[in-house]
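What follows is a single structure, written as structure tokens, with notes after it.
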Amino acid sequence: MLNVRNLEVYIGSLYILQRISMDLYKGETLFLIGRNGAGKTTLLKTIMGFVKPSSGVIVFDGIDITREPPYVRARLGIRYVPDNRRLFTSLTVEENLMASLLGSGVSREIAMDRVEYVYSLFPDMKRLRKLRASQLSGGQQQMLNLGRAIASPNVKIFLVDEPVEGLSPLYASKILEVLSKLSEEGVSMIIVETRPMLMKKISGRYVIINGGRIVSEGFTEDLHRDQTLVSTYLDISTNPGV
């Protein structure tokens with residue numbers, strides 16, 4: 001479904017990604033994990049087209065998208081969920097959801113159906129639908145951020161950057177519950193994370209990035225048993241209750 005081969009990224013004189021090769025298969029969840037500054041977010045942004053690679057190839061559904069702009073990748077079915085939320089703060093929750101949908105050219109009827117689907121996953125969003133995004137807590141804003149991506153029709157891959165970073169245990173659990181449900185439904189996802197305990201909620205594969213290189217990969221259930229690997233490359237801090 002998604003194939004990355006020998007990807008290299010320089011930002012100025014800094015060698016950020018060093019010959020990264022990995023695959024994401026249909027219906028799979030792949031975690032990009034490692035300490036802050038390892039290159040995880042840069043890899044997501046390069047897959048989405050926000051960062052141009054110096055060399056290497058990105059193939060999606062058999063199409064070489066290495067040099068395609070972000071809007072082409074979005075049309076093909078790749079959706080990026082940033083960690084900084086980028087909401088329309090002056091618009092209500094429902095207006096935020098509708099704006100992203102109507103801007104993609106779908107009919108109002110389809111847009112409303114997609115919004116109702118988001119509400120079914122995040123009941124809090126329906127209750128808060130008339131509030132402006134600026135009035136929401138950080139956890140509520142992150143639900144809206146993820147909800148906008150989920151509302152998009154014809155998405156094939158979600159690229160999710162640290163979905164529960166800085167959230168309370170309550171909202172972190174709500175976000176993880178929805179991501180787990182999407183995974184069970186066969187939605188393909190690449191999720192950037194720094195804490196291995198969060199992967200106990202969602203099964204899949206992992207890739208550990210350190211210093212811009214892949215240093216380990218495997219299945220998430222195996223990672224939990226390798227405490228040496230965890231302590232060497234990962235942030236082992238935890239959020240109580242997550």
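Within each chain, counting starts at residue 1; across the structure tokens, chains are named A, B, ... in the order shown, with ligands numbered 1 upward in that order.
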Requested in this report: DSSP on the backbone, then: every residue of stretch 37-112 of chain A marked helix (DSSP H, G or I), written as JSON, numbers by chain.
Outcome: {"A": [40, 41, 42, 43, 44, 45, 46, 47, 48, 70, 71, 72, 73, 74, 75, 76, 93, 94, 95, 96, 97, 98, 99, 100, 101, 102, 108, 109, 110, 111, 112]}
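Within 10 Å of A:Asn84, once only C-alpha atoms are used and residues closer than 6 positions along the same chain are dropped, the contacting residues are Gln141, Gln142, Asn145, Asp161, Glu162 and Pro163 of chain A.
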Keeping only N, CA and C atoms, write the selected residues to a file as a CSV table (one decimal), in the first residue's frame.
chain,number,residue,atom,x,y,z
A,141,GLN,N,-10.0,19.8,21.8
A,141,GLN,CA,-9.5,20.3,20.6
A,141,GLN,C,-8.8,19.1,19.8
A,142,GLN,N,-8.2,18.3,20.5
A,142,GLN,CA,-7.5,17.1,19.8
A,142,GLN,C,-8.6,16.2,19.3
A,145,ASN,N,-9.6,17.8,16.2
A,145,ASN,CA,-8.5,17.7,15.2
A,145,ASN,C,-8.6,16.3,14.5
A,161,ASP,N,0.3,12.3,14.2
A,161,ASP,CA,1.5,12.8,14.9
A,161,ASP,C,1.2,13.0,16.4
A,162,GLU,N,1.7,12.1,17.3
A,162,GLU,CA,1.6,12.1,18.7
A,162,GLU,C,0.1,12.5,19.2
A,163,PRO,N,-0.8,11.6,19.0
A,163,PRO,CA,-2.2,12.0,19.2
A,163,PRO,C,-2.6,12.3,20.6
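Nearest residue to A:Asp64, choosing from A:Leu2, A:Leu146, A:Val118, A:Leu170 and counting only C-alpha atoms: A:Leu2.
Contact shell of stretch 13-26 of chain A at 7 Å (only C-alpha atoms; same-chain neighbours under 6 positions omitted): Met1, Leu2, Asn3, Val4, Arg5, Asn6, Leu7, Gly39, Ser188, Gly212, Arg213 and Ile214 of chain A.
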Query raised in the report: Per DSSP on the backbone, what are the strand (DSSP E) residues of stretch 1-241 of chain A, as a ChimeraX atom specification?
Result: /A:2-11,14-24,29-33,55-60,63-64,78-81,157-161,188-193,205-210,213-219
Those same residues, written as a short mmCIF file (atom, residue, chain, number, x, y, z; two decimals), in the first residue's frame with C-alpha atoms?
data_model
loop_
_atom_site.label_atom_id
_atom_site.label_comp_id
_atom_site.auth_asym_id
_atom_site.auth_seq_id
_atom_site.Cartn_x
_atom_site.Cartn_y
_atom_site.Cartn_z
CA LEU A 2 2.73 2.47 1.03
CA ASN A 3 6.37 1.78 0.25
CA VAL A 4 9.26 4.00 1.31
CA ARG A 5 12.69 3.22 -0.08
CA ASN A 6 16.07 4.74 0.82
CA LEU A 7 14.52 8.05 1.85
CA GLU A 8 16.99 10.79 2.74
CA VAL A 9 16.18 14.28 3.98
CA TYR A 10 18.52 17.18 4.61
CA ILE A 11 17.33 20.38 6.28
CA LEU A 14 21.53 18.64 8.91
CA TYR A 15 21.11 15.02 7.79
CA ILE A 16 17.65 14.36 9.26
CA LEU A 17 16.52 11.09 7.64
CA GLN A 18 19.14 8.56 6.61
CA ARG A 19 18.16 5.92 4.04
CA ILE A 20 14.77 5.10 5.57
CA SER A 21 12.98 2.09 4.07
CA MET A 22 9.66 0.75 5.37
CA ASP A 23 6.25 -0.54 4.26
CA LEU A 24 2.67 -0.06 5.43
CA THR A 29 -1.21 0.16 12.09
CA LEU A 30 2.48 1.07 12.10
CA PHE A 31 4.01 3.00 15.01
CA LEU A 32 6.96 5.32 14.44
CA ILE A 33 8.60 5.53 17.83
CA SER A 55 16.74 11.18 -2.47
CA GLY A 56 14.65 8.03 -2.23
CA VAL A 57 11.22 6.94 -3.41
CA ILE A 58 7.70 7.00 -1.93
CA VAL A 59 5.13 4.77 -3.65
CA PHE A 60 1.43 4.74 -2.70
CA ILE A 63 1.93 5.32 -7.81
CA ASP A 64 5.24 7.13 -7.36
CA ILE A 78 -3.48 10.20 2.52
CA ARG A 79 -4.52 12.37 5.46
CA TYR A 80 -2.12 14.04 7.90
CA VAL A 81 -3.23 14.72 11.49
CA ILE A 157 -4.10 6.18 5.30
CA PHE A 158 -4.03 8.36 8.40
CA LEU A 159 -0.67 9.87 9.38
CA VAL A 160 -1.17 10.74 13.06
CA ASP A 161 1.47 12.75 14.93
CA SER A 188 -4.45 1.94 7.80
CA MET A 189 -2.51 4.24 10.12
CA ILE A 190 1.01 5.43 10.81
CA ILE A 191 1.15 6.82 14.35
CA VAL A 192 4.08 8.76 15.79
CA GLU A 193 4.57 8.04 19.48
CA ARG A 205 4.01 -3.20 14.01
CA TYR A 206 6.61 -0.72 15.17
CA VAL A 207 9.64 1.01 13.70
CA ILE A 208 12.13 2.64 16.08
CA ILE A 209 13.94 5.67 14.68
CA ASN A 210 17.07 7.02 16.33
CA ARG A 213 17.89 5.87 11.11
CA ILE A 214 15.70 2.82 11.64
CA VAL A 215 17.40 0.86 14.43
CA SER A 216 14.73 -1.76 15.16
CA GLU A 217 11.36 -2.98 13.92
CA GLY A 218 8.89 -5.71 14.76
CA PHE A 219 5.49 -6.39 16.30
#
Query - Given only C-alpha atoms as the counted atoms, nearest of A:Glu221, A:Asp226, A:Glu177, A:Glu165 to A:Asn36 - result: A:Glu165
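Atom CA of A:Leu182 is positioned 15.6 Å from atom CA of A:Gly77.
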Requested in this report: Would you kindly return, as a PyMOL selection string, each protein, DNA or RNA residue with an atom no farther than 12 Å from any atom of A:Leu87, considering only C-alpha atoms and excluding same-chain residues fewer than 6 positions away?
Outcome: chain A and resi 81+93-97+99-100+132-136+138+140-149
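We find atom CA of A:Gly34 and atom CA of A:Gly211 to be spaced 9.2 Å apart.
Nearest residue to A:Asn154, choosing from A:Thr220, A:Thr66, A:Val187, A:Gln227 and counting only C-alpha atoms: A:Val187.
Computed from the coordinates, the atom CA of A:Val115 to atom CA of A:Met98 distance equals 7.2 Å.
Comparing A:Ala74, A:Ile150, A:Ala38, A:Ala111 by their smallest distance to A:Leu179, the closest is A:Ile150 (using only C-alpha atoms).
When only C-alpha atoms are used to compute distances to A:Lys40, the closest of the residues A:Arg86, A:Glu184, A:Thr194, A:His224 turns out to be A:Thr194.
Taking only C-alpha atoms into account, A:Ile202 lies nearest to A:Ser183 out of the set A:Ser152, A:Ser183, A:Thr42, A:Ser137.
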